[in-house]
>>> print(open('run.pdb').read())   # PDB, C-alpha atoms
ATOM      1  CA  MET A   6       0.000   0.000   0.000
ATOM      2  CA  LYS A   7       2.821   2.430   0.765
ATOM      3  CA  HIS A   8       4.189   1.905  -2.745
ATOM      4  CA  ALA A   9       0.774   2.615  -4.268
ATOM      5  CA  ALA A  10       0.379   5.773  -2.205
ATOM      6  CA  ASP A  11       3.805   6.998  -3.300
ATOM      7  CA  GLN A  12       2.910   6.366  -6.922
ATOM      8  CA  ALA A  13      -0.279   8.414  -6.517
ATOM      9  CA  LEU A  14       1.783  11.439  -5.580
ATOM     10  CA  ARG A  15       3.466  11.629  -8.995
ATOM     11  CA  PRO A  16       2.515  14.864 -10.847
ATOM     12  CA  ILE A  17      -0.453  14.540 -13.277
ATOM     13  CA  ALA A  18      -0.129  17.850 -15.137
ATOM     14  CA  ASN A  19       2.538  19.944 -16.777
ATOM     15  CA  LEU A  20       3.234  23.051 -14.642
ATOM     16  CA  ALA A  21       5.849  24.618 -16.912
ATOM     17  CA  GLY A  22       6.265  22.078 -19.635
ATOM     18  CA  ASN A  23       8.677  19.942 -17.612
ATOM     19  CA  THR A  24       6.977  17.191 -15.593
ATOM     20  CA  VAL A  25       3.807  15.233 -16.161
ATOM     21  CA  TRP A  26       2.182  14.002 -12.955
ATOM     22  CA  ILE A  27       0.686  10.527 -13.167
ATOM     23  CA  GLY A  28      -1.694   9.023 -10.605
ATOM     24  CA  VAL A  29      -2.141   5.318 -10.026
ATOM     25  CA  LEU A  30      -5.599   3.899  -9.299
ATOM     26  CA  LEU A  31      -5.913   1.421  -6.503
ATOM     27  CA  VAL A  32      -7.336  -1.853  -7.688
ATOM     28  CA  LEU A  33      -9.739  -3.509  -5.324
ATOM     29  CA  GLY A  34     -10.040  -7.222  -6.002
ATOM     30  CA  ALA A  35     -12.180  -9.874  -4.461
ATOM     31  CA  CYS A  36     -12.270 -13.611  -4.770
ATOM     32  CA  GLN A  37     -15.445 -14.970  -6.332
ATOM     33  CA  SER A  38     -17.255 -17.720  -4.489
ATOM     34  CA  PRO A  39     -19.258 -20.425  -6.239
ATOM     35  CA  THR A  40     -22.875 -19.544  -7.084
ATOM     36  CA  PRO A  41     -25.035 -20.552  -4.110
ATOM     37  CA  PRO A  42     -27.593 -23.311  -4.655
ATOM     38  CA  GLN A  43     -31.121 -22.378  -5.633
ATOM     39  CA  LEU A  44     -32.868 -22.963  -2.323
ATOM     40  CA  THR A  45     -36.573 -22.794  -1.498
ATOM     41  CA  GLY A  46     -38.555 -22.621   1.692
ATOM     42  CA  HIS A  47     -37.730 -20.695   4.811
ATOM     43  CA  GLN A  48     -33.957 -21.241   4.883
ATOM     44  CA  GLY A  49     -33.373 -17.674   3.613
ATOM     45  CA  GLY A  50     -31.991 -18.760   0.196
ATOM     46  CA  LEU A  51     -33.013 -17.769  -3.338
ATOM     47  CA  LEU A  52     -36.375 -18.754  -4.757
ATOM     48  CA  PRO A  53     -36.433 -20.453  -8.175
ATOM     49  CA  GLY A  54     -35.676 -17.913 -10.939
ATOM     50  CA  MET A  55     -34.028 -15.356  -8.621
ATOM     51  CA  VAL A  56     -30.417 -14.205  -9.171
ATOM     52  CA  LEU A  57     -27.828 -12.573  -6.950
ATOM     53  CA  PRO A  58     -27.756  -8.731  -7.113
ATOM     54  CA  GLU A  59     -24.752  -7.000  -8.684
ATOM     55  CA  PRO A  60     -22.087  -6.271  -6.061
ATOM     56  CA  THR A  61     -21.793  -2.621  -4.988
ATOM     57  CA  LYS A  62     -18.683  -0.984  -6.455
ATOM     58  CA  PRO A  63     -16.374   0.737  -3.974
ATOM     59  CA  LYS A  64     -16.744   4.549  -3.868
ATOM     60  CA  THR A  65     -13.751   6.827  -4.385
ATOM     61  CA  SER A  66     -15.015   9.179  -1.680
ATOM     62  CA  ILE A  67     -14.371   6.696   1.121
ATOM     63  CA  GLN A  68     -12.093   7.884   3.879
ATOM     64  CA  GLY A  69      -8.436   7.310   3.084
ATOM     65  CA  TYR A  70      -8.898   6.635  -0.630
ATOM     66  CA  THR A  71      -5.756   7.212  -2.702
ATOM     67  CA  GLY A  72      -5.751   7.284  -6.491
ATOM     68  CA  VAL A  73      -7.171   9.011  -9.543
ATOM     69  CA  ASN A  74     -10.871   9.335 -10.312
ATOM     70  CA  ASP A  75     -12.235  10.356 -13.730
ATOM     71  CA  GLN A  76     -15.768  11.744 -14.047
ATOM     72  CA  VAL A  77     -17.553  12.410 -17.355
ATOM     73  CA  LEU A  78     -19.488  15.680 -17.033
ATOM     74  CA  PRO A  79     -22.911  16.285 -18.644
ATOM     75  CA  ASP A  80     -21.345  18.362 -21.443
ATOM     76  CA  GLY A  81     -18.923  15.556 -22.333
ATOM     77  CA  HIS A  82     -15.901  17.112 -20.650
ATOM     78  CA  ILE A  83     -13.836  15.018 -18.251
ATOM     79  CA  LEU A  84     -12.963  15.978 -14.676
ATOM     80  CA  ARG A  85      -9.978  14.132 -13.226
ATOM     81  CA  ARG A  86      -9.308  14.232  -9.496
ATOM     82  CA  GLN A  87      -6.072  13.134  -7.878
ATOM     83  CA  ILE A  88      -6.750  12.062  -4.300
ATOM     84  CA  TYR A  89      -4.321  11.134  -1.562
ATOM     85  CA  ASN A  90      -5.541   9.717   1.732
ATOM     86  CA  GLY A  91      -9.008  11.151   1.150
ATOM     87  CA  LEU A  92      -7.796  14.696   0.270
ATOM     88  CA  ILE A  93      -8.063  16.199  -3.209
ATOM     89  CA  ILE A  94      -4.570  17.058  -4.439
ATOM     90  CA  SER A  95      -5.602  18.380  -7.850
ATOM     91  CA  GLN A  96      -8.459  18.636 -10.313
ATOM     92  CA  THR A  97      -7.981  18.753 -14.090
ATOM     93  CA  TRP A  98     -10.622  19.520 -16.690
ATOM     94  CA  PHE A  99     -10.263  17.940 -20.149
ATOM     95  CA  THR A 100     -12.202  18.290 -23.377
ATOM     96  CA  SER A 101     -14.171  15.291 -24.580
ATOM     97  CA  LEU A 102     -11.103  14.486 -26.719
ATOM     98  CA  GLY A 103      -8.836  14.404 -23.677
ATOM     99  CA  GLN A 104      -7.066  17.748 -24.158
ATOM    100  CA  PRO A 105      -6.389  19.629 -20.894
ATOM    101  CA  GLU A 106      -8.113  22.975 -20.399
ATOM    102  CA  ARG A 107      -7.614  23.864 -16.737
ATOM    103  CA  GLN A 108      -5.938  22.445 -13.646
ATOM    104  CA  ILE A 109      -6.057  23.415  -9.971
ATOM    105  CA  PHE A 110      -3.700  22.231  -7.234
ATOM    106  CA  TYR A 111      -5.051  22.381  -3.685
ATOM    107  CA  GLU A 112      -3.623  23.197  -0.283
ATOM    108  CA  GLY A 113      -5.023  20.949   2.427
ATOM    109  CA  GLY A 114      -7.487  19.446  -0.029
ATOM    110  CA  LYS A 115      -9.688  22.557  -0.180
ATOM    111  CA  ILE A 116      -7.874  25.846  -0.868
ATOM    112  CA  ALA A 117      -6.478  26.498  -4.350
ATOM    113  CA  ALA A 118      -2.699  26.936  -4.233
ATOM    114  CA  ALA A 119      -2.070  27.201  -7.990
ATOM    115  CA  GLU A 120      -4.065  27.186 -11.197
ATOM    116  CA  ILE A 121      -2.979  26.433 -14.767
ATOM    117  CA  GLU A 122      -4.884  27.466 -17.890
ATOM    118  CA  PHE A 123      -4.077  25.638 -21.131
ATOM    119  CA  GLY A 124      -4.181  27.058 -24.648
ATOM    120  CA  PRO A 125      -5.932  25.598 -27.716
ATOM    121  CA  ASP A 126      -2.791  23.543 -28.386
ATOM    122  CA  GLY A 127      -3.057  21.844 -24.998
ATOM    123  CA  GLN A 128       0.111  23.551 -23.703
ATOM    124  CA  PRO A 129       0.217  25.690 -20.523
ATOM    125  CA  ALA A 130      -0.639  29.297 -21.377
ATOM    126  CA  ARG A 131      -1.000  30.889 -17.943
ATOM    127  CA  GLN A 132      -0.178  29.832 -14.388
ATOM    128  CA  THR A 133      -1.380  31.602 -11.251
ATOM    129  CA  THR A 134       0.110  31.005  -7.812
ATOM    130  CA  PHE A 135      -1.897  32.278  -4.825
ATOM    131  CA  PHE A 136      -0.849  33.652  -1.461
ATOM    132  CA  PRO A 137      -1.194  30.711   0.977
ATOM    133  CA  GLY A 138      -4.715  30.359   2.303
ATOM    134  CA  THR A 139      -6.158  33.126   0.105
ATOM    135  CA  THR A 140      -7.569  33.711  -3.358
ATOM    136  CA  GLN A 141      -5.166  36.627  -3.918
ATOM    137  CA  PRO A 142      -2.725  35.957  -6.798
ATOM    138  CA  MET A 143       0.908  36.115  -5.715
ATOM    139  CA  ARG A 144       2.420  35.522  -9.155
ATOM    140  CA  VAL A 145       1.089  35.060 -12.677
ATOM    141  CA  ASP A 146       3.250  33.504 -15.407
ATOM    142  CA  GLU A 147       2.317  33.664 -19.086
ATOM    143  CA  TYR A 148       3.897  31.190 -21.506
ATOM    144  CA  ALA A 149       4.718  30.843 -25.178
ATOM    145  CA  GLY A 150       5.062  27.324 -26.517
ATOM    146  CA  GLY A 151       4.115  25.820 -23.165
ATOM    147  CA  SER A 152       7.452  26.426 -21.422
ATOM    148  CA  ARG A 153       8.978  29.831 -22.246
ATOM    149  CA  VAL A 154       7.830  32.588 -19.874
ATOM    150  CA  ILE A 155       7.165  35.726 -21.905
ATOM    151  CA  ARG A 156       5.652  37.721 -19.041
ATOM    152  CA  PHE A 157       5.336  37.364 -15.306
ATOM    153  CA  THR A 158       3.731  39.593 -12.704
ATOM    154  CA  GLU A 159       4.246  39.431  -8.949
ATOM    155  CA  TYR A 160       1.816  41.118  -6.546
ATOM    156  CA  TRP A 161       1.817  42.667  -3.118
ATOM    157  CA  ALA A 162      -0.535  41.018  -0.609
ATOM    158  CA  ASN A 163      -2.905  44.005  -1.001
ATOM    159  CA  GLY A 164      -3.382  43.165  -4.692
ATOM    160  CA  HIS A 165      -1.186  45.920  -6.166
ATOM    161  CA  PRO A 166       1.403  44.762  -8.708
ATOM    162  CA  ARG A 167       4.938  44.605  -7.328
ATOM    163  CA  ILE A 168       6.954  43.720 -10.420
ATOM    164  CA  MET A 169       6.228  42.927 -14.049
ATOM    165  CA  SER A 170       8.803  41.451 -16.410
ATOM    166  CA  GLU A 171       8.083  41.242 -20.145
ATOM    167  CA  ALA A 172      10.222  39.697 -22.875
ATOM    168  CA  ASP A 173      10.625  40.817 -26.497
ATOM    169  CA  ILE A 174       8.492  43.970 -26.333
ATOM    170  CA  SER A 175       8.433  46.114 -29.483
ATOM    171  CA  THR A 176       9.171  49.777 -28.716
ATOM    172  CA  SER A 177      10.302  52.860 -30.649
ATOM    173  CA  ALA A 178      13.833  51.961 -29.488
ATOM    174  CA  GLY A 179      13.570  48.401 -30.823
ATOM    175  CA  VAL A 180      12.763  45.051 -29.235
ATOM    176  CA  VAL A 181      13.529  45.074 -25.512
ATOM    177  CA  ASN A 182      12.984  43.193 -22.290
ATOM    178  CA  ARG A 183      11.089  45.468 -19.909
ATOM    179  CA  VAL A 184      10.920  45.369 -16.112
ATOM    180  CA  GLN A 185       8.564  47.625 -14.142
ATOM    181  CA  GLN A 186       8.332  47.886 -10.355
ATOM    182  CA  TRP A 187       5.814  49.511  -8.024
ATOM    183  CA  TYR A 188       5.726  50.485  -4.362
ATOM    184  CA  GLU A 189       3.261  48.732  -2.079
ATOM    185  CA  ASP A 190       0.823  51.662  -2.289
ATOM    186  CA  GLY A 191       0.662  51.291  -6.072
ATOM    187  CA  ARG A 192       2.977  54.172  -7.027
ATOM    188  CA  PRO A 193       5.588  53.472  -9.749
ATOM    189  CA  LYS A 194       9.106  52.686  -8.573
ATOM    190  CA  SER A 195      11.190  52.012 -11.687
ATOM    191  CA  LEU A 196      11.161  51.282 -15.394
ATOM    192  CA  VAL A 197      14.138  49.445 -16.915
ATOM    193  CA  GLN A 198      14.398  48.452 -20.578
ATOM    194  CA  LYS A 199      17.206  46.359 -22.027
ATOM    195  CA  GLY A 200      18.069  45.127 -25.481
ATOM    196  CA  ILE A 201      19.299  41.548 -25.818
ATOM    197  CA  GLN A 202      22.486  40.584 -27.620
ATOM    198  CA  ARG A 203      22.139  37.162 -29.269
ATOM    199  CA  ASP A 204      24.503  34.798 -31.039
ATOM    200  CA  GLU A 205      23.906  33.186 -34.452
ATOM    201  CA  THR A 206      21.626  30.552 -32.870
ATOM    202  CA  GLY A 207      19.443  33.197 -31.225
ATOM    203  CA  ARG A 208      20.699  32.433 -27.725
ATOM    204  CA  SER A 209      21.018  35.410 -25.373
ATOM    205  CA  VAL A 210      24.674  36.248 -24.698
ATOM    206  CA  GLY A 211      24.373  39.752 -23.261
ATOM    207  CA  GLU A 212      22.178  42.771 -22.664
ATOM    208  CA  TYR A 213      22.397  46.567 -22.752
ATOM    209  CA  LEU A 214      20.324  49.563 -21.706
ATOM    210  CA  GLN A 215      18.012  50.489 -24.539
ATOM    211  CA  GLY A 216      15.333  53.174 -24.517
ATOM    212  CA  ARG A 217      13.868  55.109 -21.609
ATOM    213  CA  GLN A 218      14.895  54.330 -18.028
ATOM    214  CA  THR A 219      13.046  56.003 -15.139
ATOM    215  CA  GLN A 220      13.065  55.850 -11.332
ATOM    216  CA  TRP A 221      10.654  57.350  -8.795
ATOM    217  CA  ASP A 222      10.932  57.890  -5.035
ATOM    218  CA  LYS A 223       8.200  56.868  -2.580
ATOM    219  CA  ASP A 224       6.587  60.293  -2.863
ATOM    220  CA  GLY A 225       6.179  59.926  -6.624
ATOM    221  CA  ALA A 226       8.967  62.308  -7.627
ATOM    222  CA  ILE A 227      11.199  61.323 -10.557
ATOM    223  CA  VAL A 228      14.792  60.866  -9.410
ATOM    224  CA  ALA A 229      16.261  59.518 -12.669
ATOM    225  CA  ASP A 230      15.017  59.770 -16.230
ATOM    226  CA  ALA A 231      17.253  59.079 -19.214
ATOM    227  CA  ASP A 232      17.253  57.626 -22.707
ATOM    228  CA  TYR A 233      19.902  55.094 -23.824
ATOM    229  CA  ASP A 234      20.978  53.508 -27.071
ATOM    230  CA  HIS A 235      23.114  50.371 -26.683
ATOM    231  CA  ASP A 236      24.262  51.473 -23.215
ATOM    232  CA  THR A 237      25.139  54.970 -24.508
ATOM    233  CA  LEU A 238      23.371  57.872 -22.785
ATOM    234  CA  LYS A 239      21.492  59.942 -25.347
ATOM    235  CA  HIS A 240      19.276  62.191 -23.223
ATOM    236  CA  ASP A 241      19.174  62.943 -19.518
ATOM    237  CA  TYR A 242      15.755  64.511 -19.141
ATOM    238  CA  LEU A 243      16.350  65.772 -15.610
ATOM    239  CA  VAL A 244      19.533  67.602 -16.616
ATOM    240  CA  GLU A 245      17.863  69.032 -19.700
ATOM    241  CA  ALA A 246      14.889  70.187 -17.627
ATOM    242  CA  LYS A 247      17.248  72.115 -15.359
ATOM    243  CA  LYS A 248      19.065  73.697 -18.292
ATOM    244  CA  TYR A 249      15.938  74.572 -20.192
ATOM    245  CA  PRO A 250      13.113  75.005 -17.645
ATOM    246  CA  PRO A 251       9.681  75.460 -19.190
ATOM    247  CA  THR A 252       8.676  79.070 -19.689
ATOM    248  CA  SER A 253       5.397  80.367 -18.352
TER     249      SER A 253
END
>>> encode(input="run.pdb", output="structure tokens")
Amino acid sequence: MKHAADQALRPIANLAGNTVWIGVLLVLGACQSPTPPQLTGHQGGLLPGMVLPEPTKPKTSIQGYTGVNDQVLPDGHILRRQIYNGLIISQTWFTSLGQPERQIFYEGGKIAAAEIEFGPDGQPARQTTFFPGTTQPMRVDEYAGGSRVIRFTEYWANGHPRIMSEADISTSAGVVNRVQQWYEDGRPKSLVQKGIQRDETGRSVGEYLQGRQTQWDKDGAIVADADYDHDTLKHDYLVEAKKYPPTS
């Protein structure tokens, strides 16, 4: 039994295109006894023509059940539950053709700890991780091709975004990777944009400041604001503002 329980803990869904979790159903067997004789009278047996009723199948909701249970929903979709020792570990929704659409992993069998949404190709498109014990997102990852993160956002516990990182964003300065940060009260903290240097295979081998870079203090005042081209400073907007203050 311990081996079967360990097997049931294997992952059954692809979180970031790396590991597929597989559950193992417990098989309940029973030895069949010979068909009882057709008795009559008051002995409590079967009357002529009567047959034994079909045995009741074991329910997956019994206390301590470990395994995987598939349920066909009225619309033809399939709901797969992974259960360990009576607690729901995860639920996965599939199309009638068996393609995953959505998966939820649970904390303590009840509270959602993470949720994965799948794209039309069946690959992970978006993954949300929640603050423990709450429905507040802590981090949201968005994927391309099922494994490459093209954007992620982390949040403060109050729901305000804390940091957002985006890859391959088209701007007036070219294609850049952009990182934005915010203070806990929602005010902007920084904007950093970098171009990526790649080799002949397209692999990233370096980066450089490209485009506008800005920083704010906690009061909302701009403390740095400059424009770069391949790490070369082109415009310092704070210095220029001091040299050429706006006229009334």
>>> resolve_selection(input="run.pdb", expression="the PyMOL selection byres ((chain A and resi 142) around 9)", output="ChimeraX atom specification")
/A:119,133-136,139-141,143-145,159-162,164
>>> write_last_selection(input="run.pdb", atoms="C-alpha atoms", output="PDB file, keeping the file's coordinate frame")
ATOM      1  CA  ALA A 119      -2.070  27.201  -7.990  1.00  0.00           C
ATOM      2  CA  THR A 133      -1.380  31.602 -11.251  1.00  0.00           C
ATOM      3  CA  THR A 134       0.110  31.005  -7.812  1.00  0.00           C
ATOM      4  CA  PHE A 135      -1.897  32.278  -4.825  1.00  0.00           C
ATOM      5  CA  PHE A 136      -0.849  33.652  -1.461  1.00  0.00           C
ATOM      6  CA  THR A 139      -6.158  33.126   0.105  1.00  0.00           C
ATOM      7  CA  THR A 140      -7.569  33.711  -3.358  1.00  0.00           C
ATOM      8  CA  GLN A 141      -5.166  36.627  -3.918  1.00  0.00           C
ATOM      9  CA  MET A 143       0.908  36.115  -5.715  1.00  0.00           C
ATOM     10  CA  ARG A 144       2.420  35.522  -9.155  1.00  0.00           C
ATOM     11  CA  VAL A 145       1.089  35.060 -12.677  1.00  0.00           C
ATOM     12  CA  GLU A 159       4.246  39.431  -8.949  1.00  0.00           C
ATOM     13  CA  TYR A 160       1.816  41.118  -6.546  1.00  0.00           C
ATOM     14  CA  TRP A 161       1.817  42.667  -3.118  1.00  0.00           C
ATOM     15  CA  ALA A 162      -0.535  41.018  -0.609  1.00  0.00           C
ATOM     16  CA  GLY A 164      -3.382  43.165  -4.692  1.00  0.00           C
TER      17      GLY A 164
END
>>> atom_distance(input="run.pdb", atom1="atom CA of A:Arg203", atom2="atom CA of A:Ala172")
13.8 Å
>>> residues_around(input="run.pdb", residues="A:Lys115", least_positions_apart="4", cutoff="10 Å", atoms="all atoms listed in the file", output="JSON, numbers by chain")
{"A": [92, 93, 94, 95, 110, 111, 138]}
>>> residues_around(input="run.pdb", residues="A:Ala246", least_positions_apart="6", cutoff="12 Å", atoms="only C-alpha atoms", output="PDB file with C-alpha atoms, in the coordinates of the input")
ATOM      1  CA  ILE A 227      11.199  61.323 -10.557  1.00  0.00           C
ATOM      2  CA  ALA A 229      16.261  59.518 -12.669  1.00  0.00           C
ATOM      3  CA  ASP A 230      15.017  59.770 -16.230  1.00  0.00           C
ATOM      4  CA  ALA A 231      17.253  59.079 -19.214  1.00  0.00           C
ATOM      5  CA  HIS A 240      19.276  62.191 -23.223  1.00  0.00           C
ATOM      6  CA  THR A 252       8.676  79.070 -19.689  1.00  0.00           C
TER       7      THR A 252
END
>>> resolve_selection(input="run.pdb", expression="the PyMOL selection byres ((chain A and resi 80) around 12)", output="list in words")
Gln76, Val77, Leu78, Pro79, Gly81, His82, Ile83, Leu84, Trp98, Phe99, Thr100 and Ser101 of chain A
>>> atom_distance(input="run.pdb", atom1="atom CA of A:Pro105", atom2="atom CA of A:Arg156")
21.8 Å
>>> axis_aligned_box(input="run.pdb", around="stretch 140-147 of chain A", padding_each_side="3 Å", output="AutoDock Vina command-line options")
--center_x -2.2 --center_y 35.1 --center_z -11.2 --size_x 16.8 --size_y 9.1 --size_z 21.7
>>> atom_distance(input="run.pdb", atom1="atom CA of A:Thr219", atom2="atom CA of A:Leu238")
13.0 Å
>>> resolve_selection(input="run.pdb", expression="the PyMOL selection byres ((chain A and resi 202) around 8)", output="MDAnalysis selection string")
chainID A and resid 200:201 203:204 209:213
>>> closest_residue(input="run.pdb", among="A:Pro250, A:Gln104, A:Ser175, A:Leu243", to="A:Gln215", atoms="only C-alpha atoms")
A:Ser175
